[in-house]
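Notes follow once the structure below has been shown.
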Amino acid sequence: MPVPKKIQNYLDKKGAKYAIVTHKKVYTAYDAAQTLKKKLDEIVKNILVKTDKGYIMVLLPASKNLDMEKLKKLINAKGKGVKKVEIPKEGVMVKLFKVKPGALPAFGELHDLEVYMDKNLQKVKKAIFSSGSFNESIEMAIKEFEKLEEPIVGLFSKAKKISKGGSASGRQKKVNKTVKSKNSKTKKKKTLAKKKTANKKSSKKSTNTKKKK
């Protein structure tokens, strides 16, 4: 699945400087970092957030988690007066923005969404942005993105704890290893069962031969 033409047309029309990065199919920021050999700080995680005043696009480093209270304070500091801030269900993206879950591009203007960017992203020169594709991403300078989207910048992230389970691909490897181990044990049991059956037949045949003599 390549970068949608709508995204490329939008970037080209705006005269944005960017590069399309092709990679194996990934569904998580962690896997994207592993595949592209990038730090999690260089992978942009974009989240659709719902407020009682409408939807907004939130961007932060994949190494961080979203702090809803900090985000709410930033939004209200801009005079929005929101009371509720939450992450909507995945079905909302499909229904409102006609994209698959996890494939919402990082460019809010495409969907008339106000963009909020965590200040930690300014610590890196270039970053990888979601393009609406699972095997192609957009690499762009942070300053270029700010020029393009004019996001509201502030601190609304918190430290992220990486689970021992690791990436989706890592978990899949563990599953495959477990399945392989189970199959190996089953195969051994079948082999032992065949040997026992063969031994019984051999023993029975030997007994019958002795009787005939």
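In the structure tokens, chains take the letters A, B, ... in the order shown, each chain's residues start at 1, and ligands count up from 1 in the order shown.
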
Residue set, range 25-85 of chain A restricted to helix (DSSP H, G or I), as a PyMOL selection string:
chain A and resi 29-36+40-42+68-77

Selection file, C-alpha atoms, as a PDB file, in the first residue's frame:
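Result went into part.pdb, see below:
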ATOM      1  CA  ALA A  29       5.841   2.971  16.140  1.00  0.00           C
ATOM      2  CA  TYR A  30       8.201   0.563  17.911  1.00  0.00           C
ATOM      3  CA  ASP A  31       8.338  -1.740  14.880  1.00  0.00           C
ATOM      4  CA  ALA A  32       8.810   1.266  12.587  1.00  0.00           C
ATOM      5  CA  ALA A  33      11.827   2.347  14.649  1.00  0.00           C
ATOM      6  CA  GLN A  34      13.295  -1.165  14.577  1.00  0.00           C
ATOM      7  CA  THR A  35      12.735  -1.567  10.832  1.00  0.00           C
ATOM      8  CA  LEU A  36      14.115   1.850   9.874  1.00  0.00           C
ATOM      9  CA  LEU A  40      11.832   6.217  19.033  1.00  0.00           C
ATOM     10  CA  ASP A  41      12.362   9.986  19.460  1.00  0.00           C
ATOM     11  CA  GLU A  42      12.593  10.215  15.648  1.00  0.00           C
ATOM     12  CA  MET A  68      -4.316  14.231  28.823  1.00  0.00           C
ATOM     13  CA  GLU A  69      -4.289  16.772  31.664  1.00  0.00           C
ATOM     14  CA  LYS A  70      -1.318  18.657  30.208  1.00  0.00           C
ATOM     15  CA  LEU A  71      -2.957  18.623  26.765  1.00  0.00           C
ATOM     16  CA  LYS A  72      -6.201  19.938  28.207  1.00  0.00           C
ATOM     17  CA  LYS A  73      -4.355  22.802  29.928  1.00  0.00           C
ATOM     18  CA  LEU A  74      -2.579  23.691  26.672  1.00  0.00           C
ATOM     19  CA  ILE A  75      -5.848  23.680  24.731  1.00  0.00           C
ATOM     20  CA  ASN A  76      -7.531  25.892  27.312  1.00  0.00           C
ATOM     21  CA  ALA A  77      -4.520  28.196  27.417  1.00  0.00           C
TER      22      ALA A  77
END

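Counting from CA of His23 in chain A, the distance to CA of Glu114 in chain A is 29.0 Å.
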
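The closest residue to Val85 in chain A, picked from A:Lys53, A:Lys25, A:Lys14, A:Lys38 and counting only C-alpha atoms, is A:Lys53.
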
Could you check which of A:Gly108, A:Pro88, A:Pro61, A:Pro151 is closest to Lys126 in chain A, using only C-alpha atoms?
A:Pro61

Quick one: of A:Lys24, A:Ile43, A:Ile138, A:Phe107, who's nearest to Glu150 in chain A, counting only C-alpha atoms?
A:Phe107

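Closest approach to Asp118 in chain A among A:Ile56, A:Val153, A:Val92, A:Leu48 is made by A:Val153 (distances from only C-alpha atoms).
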
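The space separating CA of Ala141 in chain A from CA of Tyr18 in chain A comes to 7.7 Å.
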
From the options A:Val26, A:Ala62, A:Leu155, A:Asp12, which residue's atoms come nearest to Glu136 in chain A, counting only C-alpha atoms?
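The shortest atom-to-atom distance to Glu136 in chain A comes from A:Val26.
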
Run DSSP on the backbone and grab whatever in range 51-84 of chain A lands in strand (DSSP E or B); send it over as JSON, numbers by chain.
{"A": [51, 54, 55, 56, 57, 58, 59, 60, 61, 64, 65, 66]}

If we count only C-alpha atoms and set the cut-off at 8 Å, which residues sit around Leu104 in chain A, ignoring sequence neighbours fewer than 4 positions away in its own chain? Please answer as a PDB file with N, CA and C atoms, in the first residue's frame.
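Below you can see around.pdb, which holds the result:
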ATOM      1  N   ASN A  46       1.094  10.067  15.891  1.00  0.00           N
ATOM      2  CA  ASN A  46      -0.026  11.004  15.778  1.00  0.00           C
ATOM      3  C   ASN A  46      -1.306  10.353  16.302  1.00  0.00           C
ATOM      4  N   MET A  93     -12.358   7.043  13.124  1.00  0.00           N
ATOM      5  CA  MET A  93     -11.441   7.340  12.016  1.00  0.00           C
ATOM      6  C   MET A  93     -11.981   6.799  10.697  1.00  0.00           C
ATOM      7  N   VAL A  99     -10.335   6.264   6.684  1.00  0.00           N
ATOM      8  CA  VAL A  99      -9.020   5.614   6.714  1.00  0.00           C
ATOM      9  C   VAL A  99      -9.080   4.384   7.608  1.00  0.00           C
ATOM     10  N   LYS A 100      -8.172   3.463   7.374  1.00  0.00           N
ATOM     11  CA  LYS A 100      -8.113   2.256   8.193  1.00  0.00           C
ATOM     12  C   LYS A 100      -7.563   2.592   9.576  1.00  0.00           C
ATOM     13  N   SER A 130       3.625   9.486   9.848  1.00  0.00           N
ATOM     14  CA  SER A 130       2.657   8.564   9.252  1.00  0.00           C
ATOM     15  C   SER A 130       2.093   9.171   7.976  1.00  0.00           C
ATOM     16  N   SER A 131       1.989   8.336   6.941  1.00  0.00           N
ATOM     17  CA  SER A 131       1.546   8.829   5.633  1.00  0.00           C
ATOM     18  C   SER A 131       0.182   8.278   5.210  1.00  0.00           C
ATOM     19  N   GLY A 132      -0.377   7.409   6.044  1.00  0.00           N
ATOM     20  CA  GLY A 132      -1.621   6.759   5.644  1.00  0.00           C
ATOM     21  C   GLY A 132      -1.360   5.408   5.011  1.00  0.00           C
TER      22      GLY A 132
END
